[in-house]
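Undergrad: Below is the file run.csv, which contains CSV, C-alpha atoms and all ligand atoms.
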```csv
chain,number,residue,atom,x,y,z
Y,1,MET,CA,-30.6,-9.5,-14.4
Y,2,ASN,CA,-30.4,-9.7,-18.1
Y,3,ILE,CA,-27.5,-7.8,-19.6
Y,4,ARG,CA,-27.9,-5.5,-22.5
Y,5,ASP,CA,-24.3,-4.6,-23.0
Y,6,ILE,CA,-20.9,-4.3,-21.2
Y,7,GLN,CA,-18.5,-1.6,-22.4
Y,8,ALA,CA,-15.2,-0.3,-21.2
Y,9,ARG,CA,-13.1,2.8,-21.4
Y,10,THR,CA,-9.9,4.1,-19.9
Y,11,LEU,CA,-10.0,7.0,-17.4
Y,12,GLU,CA,-7.3,9.6,-17.3
Y,13,ILE,CA,-8.0,12.1,-14.6
Y,14,PRO,CA,-5.1,14.4,-13.7
Y,15,PHE,CA,-3.9,14.7,-10.1
Y,16,ARG,CA,-3.6,17.9,-8.2
Y,17,LEU,CA,-0.1,16.8,-7.2
Y,18,ASN,CA,2.3,14.1,-8.2
Y,19,PHE,CA,2.5,10.9,-6.1
Y,20,LYS,CA,5.8,9.1,-6.1
Y,21,HIS,CA,7.1,6.0,-4.5
Y,22,HIS,CA,9.9,3.5,-5.1
Y,23,SER,CA,8.1,1.7,-8.0
Y,24,ALA,CA,6.2,4.6,-9.7
Y,25,ASP,CA,5.8,8.3,-10.2
Y,26,ARG,CA,2.2,9.2,-11.0
Y,27,SER,CA,0.5,12.4,-12.1
Y,28,ARG,CA,-2.8,11.0,-13.4
Y,29,THR,CA,-5.1,8.0,-13.0
Y,30,GLN,CA,-4.4,4.8,-14.9
Y,31,THR,CA,-7.8,3.2,-14.7
Y,32,ILE,CA,-10.3,1.1,-16.6
Y,33,LEU,CA,-13.9,2.0,-16.2
Y,34,VAL,CA,-16.5,-0.6,-17.1
Y,35,ARG,CA,-20.2,0.0,-17.7
Y,36,THR,CA,-22.9,-2.7,-17.6
Y,37,ARG,CA,-26.4,-1.9,-18.8
Y,38,THR,CA,-29.3,-4.2,-18.2
Y,39,LEU,CA,-32.4,-4.8,-20.2
Y,40,ASN,CA,-34.3,-3.1,-17.4
Y,41,GLU,CA,-32.4,0.1,-18.2
Y,42,HIS,CA,-30.3,0.0,-15.1
Y,43,VAL,CA,-26.6,1.0,-15.3
Y,44,GLY,CA,-23.7,-0.2,-13.2
Y,45,PHE,CA,-20.1,0.9,-13.1
Y,46,GLY,CA,-16.9,-0.8,-12.1
Y,47,GLU,CA,-13.3,0.4,-11.8
Y,48,GLY,CA,-9.9,-1.4,-11.9
Y,49,CYS,CA,-6.4,0.0,-11.6
Y,50,PRO,CA,-3.9,-2.1,-13.6
Y,51,ARG,CA,-0.3,-1.7,-12.3
Y,52,GLU,CA,2.6,-3.3,-14.2
Y,53,TYR,CA,4.7,-3.6,-11.0
Y,54,VAL,CA,1.9,-5.2,-8.9
Y,55,THR,CA,0.0,-7.5,-11.2
Y,56,SER,CA,1.8,-7.1,-14.6
Y,57,GLU,CA,-1.4,-5.7,-16.1
Y,58,THR,CA,-1.7,-2.9,-18.6
Y,59,LEU,CA,-4.7,-0.8,-19.7
Y,60,SER,CA,-4.7,-2.4,-23.2
Y,61,GLY,CA,-4.5,-5.9,-21.6
Y,62,CYS,CA,-7.6,-5.1,-19.5
Y,63,LEU,CA,-9.5,-4.0,-22.5
Y,64,ALA,CA,-8.5,-7.2,-24.4
Y,65,PHE,CA,-9.6,-9.3,-21.4
Y,66,LEU,CA,-13.0,-7.7,-21.4
Y,67,GLU,CA,-13.3,-8.1,-25.2
Y,68,GLN,CA,-12.5,-11.8,-24.8
Y,69,HIS,CA,-15.2,-12.5,-22.2
Y,70,THR,CA,-18.0,-10.0,-23.0
Y,71,THR,CA,-20.3,-12.4,-24.9
Y,72,ASP,CA,-19.9,-15.2,-22.3
Y,73,LEU,CA,-20.7,-12.8,-19.5
Y,74,THR,CA,-23.6,-11.1,-21.2
Y,75,ASP,CA,-25.2,-14.5,-21.9
Y,76,ASN,CA,-24.5,-16.2,-18.6
Y,77,ILE,CA,-24.4,-13.8,-15.7
Y,78,HIS,CA,-27.9,-13.2,-14.3
Y,79,SER,CA,-27.4,-13.5,-10.5
Y,80,VAL,CA,-24.7,-13.3,-7.8
Y,81,SER,CA,-24.5,-17.1,-7.8
Y,82,ASP,CA,-23.8,-17.1,-11.6
Y,83,LEU,CA,-21.0,-14.6,-10.8
Y,84,ALA,CA,-19.5,-16.8,-8.1
Y,85,THR,CA,-19.6,-19.8,-10.4
Y,86,TRP,CA,-17.9,-17.8,-13.2
Y,87,ILE,CA,-15.2,-16.6,-10.8
Y,88,ASP,CA,-14.5,-20.2,-9.7
Y,89,GLN,CA,-14.3,-21.5,-13.2
Y,90,HIS,CA,-12.0,-18.7,-14.3
Y,91,GLU,CA,-9.7,-18.6,-11.3
Y,92,HIS,CA,-6.4,-18.7,-13.3
Y,93,GLN,CA,-7.5,-16.1,-15.9
Y,94,ILE,CA,-8.5,-13.8,-13.0
Y,95,ASP,CA,-5.2,-14.4,-11.2
Y,96,THR,CA,-3.4,-12.9,-14.2
Y,97,ASN,CA,-6.0,-10.2,-14.9
Y,98,PRO,CA,-7.2,-9.1,-11.4
Y,99,ALA,CA,-7.7,-5.4,-12.1
Y,100,ALA,CA,-9.5,-6.1,-15.4
Y,101,TRP,CA,-11.8,-8.6,-13.6
Y,102,CYS,CA,-12.4,-6.2,-10.7
Y,103,ALA,CA,-13.7,-3.5,-13.0
Y,104,ILE,CA,-16.0,-6.0,-14.7
Y,105,GLU,CA,-17.2,-7.6,-11.6
Y,106,LEU,CA,-18.0,-4.4,-9.8
Y,107,SER,CA,-20.0,-3.1,-12.8
Y,108,LEU,CA,-22.0,-6.4,-12.8
Y,109,LEU,CA,-22.6,-6.2,-9.1
Y,110,ASP,CA,-23.7,-2.6,-9.3
Y,111,ALA,CA,-26.1,-3.2,-12.2
Y,112,MET,CA,-27.5,-6.4,-10.6
Y,113,SER,CA,-28.1,-4.6,-7.3
Y,114,LYS,CA,-29.9,-1.8,-9.1
Y,115,ASP,CA,-32.1,-4.3,-11.0
Y,116,LEU,CA,-32.9,-5.9,-7.6
Y,117,GLY,CA,-33.5,-2.5,-6.1
Y,118,GLN,CA,-31.0,-2.9,-3.3
Y,119,SER,CA,-27.5,-2.1,-2.1
Y,120,ILE,CA,-24.3,-4.0,-2.9
Y,121,GLU,CA,-24.3,-5.2,0.7
Y,122,ALA,CA,-27.8,-6.7,0.3
Y,123,THR,CA,-26.7,-8.4,-2.9
Y,124,LEU,CA,-23.6,-9.8,-1.2
Y,125,GLY,CA,-25.6,-10.8,1.9
Y,126,THR,CA,-23.6,-8.6,4.3
Y,127,ARG,CA,-24.9,-6.0,6.8
Y,128,PRO,CA,-25.8,-2.5,5.5
Y,129,LEU,CA,-23.0,0.0,5.3
Y,130,SER,CA,-22.9,2.2,8.4
Y,131,GLY,CA,-20.5,3.7,10.9
Y,132,THR,CA,-17.3,5.7,11.0
Y,133,PHE,CA,-14.3,4.7,9.0
Y,134,GLN,CA,-10.8,5.9,10.0
Y,135,TYR,CA,-8.3,6.5,7.2
Y,136,THR,CA,-4.5,6.8,7.2
Y,137,ALA,CA,-2.6,9.8,6.0
Y,138,VAL,CA,-0.3,8.5,3.2
Y,139,LEU,CA,2.8,10.4,2.4
Y,140,GLY,CA,4.6,9.8,-0.9
Y,141,ASP,CA,8.3,10.2,-1.7
Y,142,ASN,CA,8.2,14.0,-2.0
Y,143,SER,CA,11.0,16.5,-1.6
Y,144,GLN,CA,11.6,17.5,2.1
Y,145,THR,CA,9.7,20.8,1.6
Y,146,ALA,CA,6.7,19.3,-0.1
Y,147,PHE,CA,6.7,16.4,2.5
Y,148,ALA,CA,6.8,18.9,5.4
Y,149,GLU,CA,3.9,20.9,3.9
Y,150,LEU,CA,1.8,17.7,3.5
Y,151,VAL,CA,2.6,16.7,7.1
Y,152,THR,CA,1.4,20.1,8.3
Y,153,ARG,CA,-1.8,19.7,6.4
Y,154,TYR,CA,-2.5,16.2,7.6
Y,155,VAL,CA,-1.8,17.1,11.2
Y,156,ALA,CA,-4.1,20.2,10.9
Y,157,LEU,CA,-6.8,17.9,9.6
Y,158,GLY,CA,-6.4,15.8,12.8
Y,159,PHE,CA,-4.7,12.7,11.4
Y,160,ASP,CA,-2.7,10.6,13.9
Y,161,ASP,CA,-2.1,7.5,11.7
Y,162,PHE,CA,0.5,7.8,8.9
Y,163,LYS,CA,2.1,5.7,6.2
Y,164,VAL,CA,5.3,7.0,4.7
Y,165,LYS,CA,6.7,5.8,1.4
Y,166,ILE,CA,10.4,5.4,2.0
Y,167,THR,CA,13.5,5.6,-0.3
Y,168,GLY,CA,15.7,3.1,1.6
Y,169,GLU,CA,18.2,5.8,2.3
Y,170,GLU,CA,18.2,5.7,6.1
Y,171,LYS,CA,19.2,9.4,6.6
Y,172,ASN,CA,16.6,10.8,4.2
Y,173,ASP,CA,13.9,8.5,5.6
Y,174,SER,CA,14.8,9.2,9.3
Y,175,GLU,CA,14.5,13.0,8.6
Y,176,LYS,CA,11.0,12.5,7.2
Y,177,LEU,CA,10.0,10.4,10.2
Y,178,SER,CA,11.3,13.0,12.5
Y,179,LEU,CA,9.2,15.6,10.7
Y,180,VAL,CA,6.1,13.5,11.3
Y,181,LEU,CA,6.9,12.8,14.9
Y,182,ASN,CA,7.7,16.5,15.7
Y,183,ALA,CA,4.4,17.5,14.3
Y,184,ALA,CA,2.4,14.6,15.8
Y,185,PRO,CA,4.3,13.0,18.7
Y,186,GLU,CA,1.7,10.4,19.2
Y,187,ALA,CA,1.6,9.4,15.5
Y,188,ARG,CA,1.4,5.7,14.6
Y,189,ILE,CA,3.7,5.4,11.6
Y,190,ARG,CA,4.1,2.5,9.2
Y,191,LEU,CA,6.5,2.5,6.3
Y,192,ASP,CA,6.0,1.3,2.7
Y,193,ALA,CA,9.2,0.3,0.8
Y,194,ASN,CA,7.5,-0.9,-2.4
Y,195,ASN,CA,10.1,-3.7,-2.8
Y,196,ILE,CA,13.4,-1.9,-2.3
Y,197,TRP,CA,15.6,-4.7,-1.0
Y,198,GLU,CA,16.8,-8.1,-2.1
Y,199,THR,CA,17.7,-9.7,1.3
Y,200,ALA,CA,16.5,-10.0,4.8
Y,201,GLY,CA,19.9,-8.8,6.0
Y,202,GLU,CA,19.6,-5.5,4.1
Y,203,VAL,CA,16.2,-4.9,5.7
Y,204,LEU,CA,17.4,-5.6,9.2
Y,205,ALA,CA,20.4,-3.3,8.7
Y,206,TYR,CA,18.1,-0.5,7.5
Y,207,LEU,CA,15.7,-1.0,10.5
Y,208,SER,CA,18.6,-0.9,13.0
Y,209,GLU,CA,19.8,2.4,11.7
Y,210,LEU,CA,16.5,4.1,11.4
Y,211,SER,CA,15.7,6.9,14.0
Y,212,CYS,CA,12.5,5.2,15.2
Y,213,THR,CA,10.9,1.8,15.2
Y,214,PRO,CA,7.9,1.8,12.8
Y,215,TYR,CA,4.6,0.3,13.7
Y,216,ALA,CA,5.0,-1.9,10.7
Y,217,LEU,CA,7.0,-2.1,7.4
Y,218,GLU,CA,5.3,-2.9,4.1
Y,219,GLU,CA,6.8,-4.8,1.2
Y,220,PRO,CA,10.6,-4.4,2.0
Y,221,LEU,CA,11.6,-7.3,-0.2
Y,222,GLN,CA,11.0,-8.3,-3.8
Y,223,PRO,CA,7.4,-9.3,-4.6
Y,224,ARG,CA,6.6,-12.9,-3.6
Y,225,ALA,CA,10.2,-13.7,-2.6
Y,226,PHE,CA,8.7,-15.9,0.1
Y,227,GLY,CA,12.0,-17.7,1.2
Y,228,GLU,CA,13.6,-14.4,2.0
Y,229,LEU,CA,10.4,-13.0,3.5
Y,230,ASN,CA,10.2,-16.0,6.0
Y,231,ARG,CA,13.9,-15.4,6.9
Y,232,LEU,CA,13.0,-11.8,7.7
Y,233,LEU,CA,9.8,-12.7,9.7
Y,234,ALA,CA,11.9,-15.0,11.9
Y,235,LYS,CA,14.4,-12.3,12.7
Y,236,THR,CA,12.4,-9.0,13.3
Y,237,PRO,CA,9.7,-8.1,15.7
Y,238,VAL,CA,8.5,-5.4,13.4
Y,239,PRO,CA,5.3,-6.5,11.6
Y,240,ILE,CA,5.7,-7.0,7.9
Y,241,ILE,CA,2.8,-5.9,5.7
Y,242,LEU,CA,2.3,-7.9,2.5
Y,243,ASP,CA,0.9,-6.0,-0.5
Y,244,GLU,CA,2.6,-6.8,-3.8
Y,245,SER,CA,3.4,-10.2,-2.3
Y,246,PHE,CA,-0.2,-11.1,-1.6
Y,247,LEU,CA,-2.5,-11.0,-4.6
Y,248,ASN,CA,-4.6,-14.1,-4.2
Y,249,LYS,CA,-5.3,-16.9,-1.9
Y,250,GLY,CA,-2.5,-19.0,-3.4
Y,251,HIS,CA,-0.1,-16.6,-1.7
Y,252,PHE,CA,-1.3,-17.5,1.8
Y,253,GLU,CA,0.3,-20.9,1.9
Y,254,PRO,CA,4.1,-20.2,1.5
Y,255,ILE,CA,4.1,-17.5,4.2
Y,256,ASP,CA,5.2,-18.4,7.7
Y,257,THR,CA,2.6,-16.9,10.0
Y,258,THR,CA,3.8,-18.5,13.2
Y,259,ASN,CA,5.6,-15.4,14.5
Y,260,ASP,CA,2.4,-13.3,14.5
Y,261,ASN,CA,4.1,-10.4,12.7
Y,262,VAL,CA,2.4,-10.7,9.3
Y,263,PHE,CA,-0.2,-8.1,8.2
Y,264,VAL,CA,-1.9,-8.1,4.7
Y,265,ASN,CA,-2.9,-5.2,2.7
Y,266,VAL,CA,-6.2,-6.1,0.9
Y,267,ARG,CA,-6.9,-4.0,-2.1
Y,268,VAL,CA,-10.0,-4.8,-4.1
Y,269,SER,CA,-8.4,-4.1,-7.5
Y,270,LYS,CA,-5.2,-6.1,-7.1
Y,271,MET,CA,-7.2,-9.1,-5.7
Y,272,GLY,CA,-9.6,-9.3,-8.5
Y,273,GLY,CA,-12.8,-7.8,-7.2
Y,274,LEU,CA,-15.0,-7.8,-4.2
Y,275,ILE,CA,-16.0,-11.5,-4.1
Y,276,ARG,CA,-12.4,-12.7,-4.1
Y,277,SER,CA,-11.4,-9.9,-1.7
Y,278,ARG,CA,-14.1,-11.0,0.7
Y,279,ALA,CA,-12.9,-14.7,0.5
Y,280,ILE,CA,-9.3,-13.6,1.2
Y,281,ALA,CA,-10.4,-11.3,4.1
Y,282,ARG,CA,-12.3,-14.2,5.6
Y,283,LEU,CA,-9.3,-16.5,5.3
Y,284,LEU,CA,-7.1,-13.9,7.0
Y,285,SER,CA,-9.7,-13.1,9.6
Y,286,ASP,CA,-10.0,-16.8,10.5
Y,287,ALA,CA,-6.2,-17.0,10.8
Y,288,HIS,CA,-6.2,-13.9,13.1
Y,289,ILE,CA,-4.0,-12.0,10.6
Y,290,PRO,CA,-4.5,-8.2,10.8
Y,291,ILE,CA,-5.9,-6.6,7.6
Y,292,ILE,CA,-5.3,-3.2,6.1
Y,293,ILE,CA,-7.9,-2.2,3.6
Y,294,GLY,CA,-5.8,-0.5,1.0
Y,295,ALA,CA,-6.3,1.6,-2.1
Y,296,GLN,CA,-4.9,2.4,-5.5
Y,297,VAL,CA,-3.3,5.8,-5.8
Y,298,GLY,CA,-5.8,7.8,-7.8
Y,299,GLU,CA,-8.8,5.6,-7.4
Y,300,THR,CA,-12.2,7.3,-7.7
Y,301,SER,CA,-15.1,7.2,-5.4
Y,302,LEU,CA,-16.2,3.9,-6.9
Y,303,LEU,CA,-13.2,1.8,-5.6
Y,304,THR,CA,-13.4,3.7,-2.4
Y,305,ARG,CA,-17.0,2.6,-2.0
Y,306,ALA,CA,-16.2,-1.0,-2.9
Y,307,ALA,CA,-13.5,-1.1,-0.2
Y,308,LEU,CA,-16.0,0.2,2.3
Y,309,CYS,CA,-17.9,-3.1,1.8
Y,310,LEU,CA,-14.9,-4.9,3.2
Y,311,ALA,CA,-14.1,-2.5,6.0
Y,312,ASN,CA,-17.8,-2.7,7.0
Y,313,GLU,CA,-17.8,-6.5,7.1
Y,314,PHE,CA,-14.4,-7.2,8.6
Y,315,ASP,CA,-14.2,-4.3,11.1
Y,316,ASP,CA,-12.8,-6.5,13.9
Y,317,GLY,CA,-9.7,-7.5,11.9
Y,318,VAL,CA,-9.1,-4.2,10.1
Y,319,ILE,CA,-6.2,-2.2,11.7
Y,320,ALA,CA,-6.1,0.6,9.1
Y,321,GLN,CA,-7.7,1.9,6.0
Y,322,GLU,CA,-6.1,3.8,3.1
Y,323,GLY,CA,-7.5,5.8,0.3
Y,324,ALA,CA,-10.7,8.0,0.2
Y,325,PHE,CA,-8.6,11.0,-1.1
Y,326,GLY,CA,-11.3,11.8,-3.7
Y,327,THR,CA,-10.9,15.3,-5.1
Y,328,LEU,CA,-8.1,16.1,-2.6
Y,329,LEU,CA,-5.9,14.2,-5.1
Y,330,LEU,CA,-8.1,14.0,-8.3
Y,331,GLU,CA,-9.0,17.1,-10.3
Y,332,THR,CA,-12.4,15.6,-10.7
Y,333,ASP,CA,-14.3,12.5,-9.7
Y,334,ILE,CA,-16.7,10.3,-11.6
Y,335,THR,CA,-19.5,11.0,-9.1
Y,336,ASP,CA,-21.4,14.1,-8.4
Y,337,GLU,CA,-20.2,14.1,-4.8
Y,338,SER,CA,-16.7,12.6,-4.0
Y,339,LEU,CA,-16.6,9.9,-1.4
Y,340,MET,CA,-13.7,11.1,0.8
Y,341,PHE,CA,-12.5,11.4,4.4
Y,342,GLY,CA,-13.2,14.5,6.4
Y,343,SER,CA,-11.8,15.9,9.6
Y,344,ASN,CA,-9.5,13.5,11.6
Y,345,GLY,CA,-9.4,11.3,8.5
Y,346,ARG,CA,-12.8,10.0,9.1
Y,347,LEU,CA,-15.6,9.1,6.7
Y,348,VAL,CA,-19.0,8.7,8.2
Y,349,CYS,CA,-21.6,6.5,6.4
Y,350,PRO,CA,-24.1,7.2,5.2
Y,351,GLY,CA,-22.9,10.7,4.5
Y,352,ALA,CA,-23.4,13.3,1.7
Y,353,ALA,CA,-21.8,11.1,-1.0
Y,354,ILE,CA,-23.9,8.0,-0.2
Y,355,ASP,CA,-27.4,8.1,-1.6
Y,356,VAL,CA,-29.2,4.9,-0.5
Y,357,ALA,CA,-32.0,5.5,-3.1
Y,358,ALA,CA,-29.4,5.1,-5.8
Y,359,ASN,CA,-29.0,1.3,-4.9
Y,360,GLY,CA,-25.9,-0.6,-5.9
Y,361,PHE,CA,-22.9,1.3,-4.7
Y,362,GLU,CA,-25.3,4.0,-3.7
Y,363,ILE,CA,-23.2,6.8,-5.3
Y,364,ARG,CA,-24.5,9.2,-8.0
Y,365,TYR,CA,-22.4,9.0,-11.1
Y,366,LYS,CA,-21.9,11.9,-13.5
Y,367,SER,CA,-24.2,11.5,-16.5
Y,368,ASP,CA,-21.7,11.6,-19.3
Y,369,LEU,CA,-19.0,9.0,-18.4
Y,370,PHE,CA,-19.3,7.2,-21.7
Y,371,GLY,CA,-20.0,10.3,-23.8
Y,372,THR,CA,-23.8,9.8,-23.7
Y,373,ASN,CA,-26.3,10.1,-20.9
Y,374,VAL,CA,-26.6,6.9,-18.9
V,401,MG,MG,1.8,-0.8,-0.7
```
Is it possible to express this structure as structure tokens?

TA:
Amino acid sequence: MNIRDIQARTLEIPFRLNFKHHSADRSRTQTILVRTRTLNEHVGFGEGCPREYVTSETLSGCLAFLEQHTTDLTDNIHSVSDLATWIDQHEHQIDTNPAAWCAIELSLLDAMSKDLGQSIEATLGTRPLSGTFQYTAVLGDNSQTAFAELVTRYVALGFDDFKVKITGEEKNDSEKLSLVLNAAPEARIRLDANNIWETAGEVLAYLSELSCTPYALEEPLQPRAFGELNRLLAKTPVPIILDESFLNKGHFEPIDTTNDNVFVNVRVSKMGGLIRSRAIARLLSDAHIPIIIGAQVGETSLLTRAALCLANEFDDGVIAQEGAFGTLLLETDITDESLMFGSNGRLVCPGAAIDVAANGFEIRYKSDLFGTNV
């Protein structure tokens, strides 16, 4: 591949409904979209979702990161091995700009694959995308009425796997859990605290008062408070899911995994793209640590498709998948057809939104994403 240019823009797509949790209240996307054009007139896109409370990134910081590296990337990235080398050589810069790098890397992989006339999976050397992918119903911190309505909708769709964003107020959260269990008695429910508590003792007290024992609890403590996390892991049988506390492979080492109650939420954007996410998923898989393939609230079909690469490759270790809300949450998507779950929370690939003739991520982008025809 020879790169003609790399450009970026921010993407602000309104949501159909607000999504709230302990660290954020969101009504529109906060996204960077990168376009790479090749001298062969192929066009690739990449998406990243900077979140101040996860990776300390901002949209303007992402644009500055791209500006800083555009010339280097344009001159030096021609193949997937060039890309892997660049990633190795810039590990620390990517550690502090993972969402920015994710958007860039995905656009390079997409453009490169199109130049080669093949899928992302072929470019990465993994098996072709196929099969059925099961998603989790994710419930934000809504009012009781809105929460109940969403539960009813999810149960009507056939979901039986739920993730509930909690407030840390035991009575309020217990009522919401009861709402889910009354509507779906067999539901598997995990909770996401988004870093509510400071100490293991506070988390244990909360769990002991809750009306039911969750399947797992995500991010109860402050991000990367590994000492307190290890104290909690030693004292609770409830699996703890690491999300904000696990952003790169450097976060593997301080965590005590001897109790078998650690899960990791792997999200392509926070981990700095697909190549780094694959390396981390491989590390976790080899250590028999269960993986959740997570998502960014408000991601488009592009990040949903990128996450499918991981779910497809690491299916044995993946215990849940999140995202694929498409135009159920977004007012519009960047593709002609939104890649999203259907009945029972399942996404069957290849389906209507996957066009293998499109190569790369095999999704058909709208033609005016950068104001001009691509
Ligand atoms: Mg989370």

Undergrad: Can you tell me, as a ChimeraX atom specification, what residues are no more than 10 Å from Val264 in chain Y when counting all atoms listed in the file, ignoring any on the same chain fewer than 6 positions away?

TA: /Y:218-219,240-247,252,280-281,284,289-294,318

Undergrad: Using Å and a single decimal, report how far CA of Asn248 in chain Y sits from CA of Thr199 in chain Y.

TA: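 Straight-line distance from CA of Thr199 in chain Y to CA of Asn248 in chain Y works out to 23.4 Å.
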
Undergrad: Find the residues near Phe226 in chain Y: any atom within 10 Å, counting only C-alpha atoms, skip ones fewer than 6 places away on the same chain, and give them as a ChimeraX atom specification.

TA: /Y:232,245,251,253-256

Undergrad: One decimal, Å: what's the distance from CA of His92 in chain Y over to CA of Arg224 in chain Y, could you say?

TA: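 CA of Arg224 in chain Y lies 17.2 Å from CA of His92 in chain Y.
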
Undergrad: For Phe15 in chain Y, list every protein, DNA or RNA residue within 8 Å, evaluated using all atoms listed in the file, and leave out those in the same chain fewer than 3 positions away; present the list as a PDB file with C-alpha atoms, in the coordinates of the input.

TA:
```pdb
ATOM      1  CA  ASN Y  18       2.300  14.100  -8.200  1.00  0.00           C
ATOM      2  CA  SER Y  27       0.500  12.400 -12.100  1.00  0.00           C
ATOM      3  CA  ARG Y  28      -2.800  11.000 -13.400  1.00  0.00           C
ATOM      4  CA  THR Y  29      -5.100   8.000 -13.000  1.00  0.00           C
ATOM      5  CA  GLY Y 298      -5.800   7.800  -7.800  1.00  0.00           C
ATOM      6  CA  LEU Y 329      -5.900  14.200  -5.100  1.00  0.00           C
ATOM      7  CA  LEU Y 330      -8.100  14.000  -8.300  1.00  0.00           C
ATOM      8  CA  GLU Y 331      -9.000  17.100 -10.300  1.00  0.00           C
TER       9      GLU Y 331
END
```

Undergrad: Using only C-alpha atoms and all ligand atoms, find each residue with an atom at most 12 Å away from ligand MG 401 (chain V) and format the answer as a VMD selection string.

TA: chain Y and resid 20 to 24 51 53 to 54 138 to 140 163 to 166 190 to 196 216 to 221 223 240 to 247 263 to 267 270 292 to 297 321 to 323

Undergrad: Write out the residues from the selection above, keeping C-alpha atoms, as a PDB file, in the coordinates of the input.

TA:
```pdb
ATOM      1  CA  LYS Y  20       5.800   9.100  -6.100  1.00  0.00           C
ATOM      2  CA  HIS Y  21       7.100   6.000  -4.500  1.00  0.00           C
ATOM      3  CA  HIS Y  22       9.900   3.500  -5.100  1.00  0.00           C
ATOM      4  CA  SER Y  23       8.100   1.700  -8.000  1.00  0.00           C
ATOM      5  CA  ALA Y  24       6.200   4.600  -9.700  1.00  0.00           C
ATOM      6  CA  ARG Y  51      -0.300  -1.700 -12.300  1.00  0.00           C
ATOM      7  CA  TYR Y  53       4.700  -3.600 -11.000  1.00  0.00           C
ATOM      8  CA  VAL Y  54       1.900  -5.200  -8.900  1.00  0.00           C
ATOM      9  CA  VAL Y 138      -0.300   8.500   3.200  1.00  0.00           C
ATOM     10  CA  LEU Y 139       2.800  10.400   2.400  1.00  0.00           C
ATOM     11  CA  GLY Y 140       4.600   9.800  -0.900  1.00  0.00           C
ATOM     12  CA  LYS Y 163       2.100   5.700   6.200  1.00  0.00           C
ATOM     13  CA  VAL Y 164       5.300   7.000   4.700  1.00  0.00           C
ATOM     14  CA  LYS Y 165       6.700   5.800   1.400  1.00  0.00           C
ATOM     15  CA  ILE Y 166      10.400   5.400   2.000  1.00  0.00           C
ATOM     16  CA  ARG Y 190       4.100   2.500   9.200  1.00  0.00           C
ATOM     17  CA  LEU Y 191       6.500   2.500   6.300  1.00  0.00           C
ATOM     18  CA  ASP Y 192       6.000   1.300   2.700  1.00  0.00           C
ATOM     19  CA  ALA Y 193       9.200   0.300   0.800  1.00  0.00           C
ATOM     20  CA  ASN Y 194       7.500  -0.900  -2.400  1.00  0.00           C
ATOM     21  CA  ASN Y 195      10.100  -3.700  -2.800  1.00  0.00           C
ATOM     22  CA  ILE Y 196      13.400  -1.900  -2.300  1.00  0.00           C
ATOM     23  CA  ALA Y 216       5.000  -1.900  10.700  1.00  0.00           C
ATOM     24  CA  LEU Y 217       7.000  -2.100   7.400  1.00  0.00           C
ATOM     25  CA  GLU Y 218       5.300  -2.900   4.100  1.00  0.00           C
ATOM     26  CA  GLU Y 219       6.800  -4.800   1.200  1.00  0.00           C
ATOM     27  CA  PRO Y 220      10.600  -4.400   2.000  1.00  0.00           C
ATOM     28  CA  LEU Y 221      11.600  -7.300  -0.200  1.00  0.00           C
ATOM     29  CA  PRO Y 223       7.400  -9.300  -4.600  1.00  0.00           C
ATOM     30  CA  ILE Y 240       5.700  -7.000   7.900  1.00  0.00           C
ATOM     31  CA  ILE Y 241       2.800  -5.900   5.700  1.00  0.00           C
ATOM     32  CA  LEU Y 242       2.300  -7.900   2.500  1.00  0.00           C
ATOM     33  CA  ASP Y 243       0.900  -6.000  -0.500  1.00  0.00           C
ATOM     34  CA  GLU Y 244       2.600  -6.800  -3.800  1.00  0.00           C
ATOM     35  CA  SER Y 245       3.400 -10.200  -2.300  1.00  0.00           C
ATOM     36  CA  PHE Y 246      -0.200 -11.100  -1.600  1.00  0.00           C
ATOM     37  CA  LEU Y 247      -2.500 -11.000  -4.600  1.00  0.00           C
ATOM     38  CA  PHE Y 263      -0.200  -8.100   8.200  1.00  0.00           C
ATOM     39  CA  VAL Y 264      -1.900  -8.100   4.700  1.00  0.00           C
ATOM     40  CA  ASN Y 265      -2.900  -5.200   2.700  1.00  0.00           C
ATOM     41  CA  VAL Y 266      -6.200  -6.100   0.900  1.00  0.00           C
ATOM     42  CA  ARG Y 267      -6.900  -4.000  -2.100  1.00  0.00           C
ATOM     43  CA  LYS Y 270      -5.200  -6.100  -7.100  1.00  0.00           C
ATOM     44  CA  ILE Y 292      -5.300  -3.200   6.100  1.00  0.00           C
ATOM     45  CA  ILE Y 293      -7.900  -2.200   3.600  1.00  0.00           C
ATOM     46  CA  GLY Y 294      -5.800  -0.500   1.000  1.00  0.00           C
ATOM     47  CA  ALA Y 295      -6.300   1.600  -2.100  1.00  0.00           C
ATOM     48  CA  GLN Y 296      -4.900   2.400  -5.500  1.00  0.00           C
ATOM     49  CA  VAL Y 297      -3.300   5.800  -5.800  1.00  0.00           C
ATOM     50  CA  GLN Y 321      -7.700   1.900   6.000  1.00  0.00           C
ATOM     51  CA  GLU Y 322      -6.100   3.800   3.100  1.00  0.00           C
ATOM     52  CA  GLY Y 323      -7.500   5.800   0.300  1.00  0.00           C
TER      53      GLY Y 323
END
```

Undergrad: Mind checking which residues fall within 12 Å of Gln68 in chain Y, counting all atoms listed in the file, ignoring those fewer than 3 positions away in the same chain, and posting them as a PyMOL selection string?

TA: chain Y and resi 6+61-65+71-74+93+97+100-101

Undergrad: Please, what distance in Å, to one decimal, runs between CA of Val180 in chain Y and CA of Thr136 in chain Y?

TA: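 Separation between CA of Val180 in chain Y and CA of Thr136 in chain Y: 13.2 Å.
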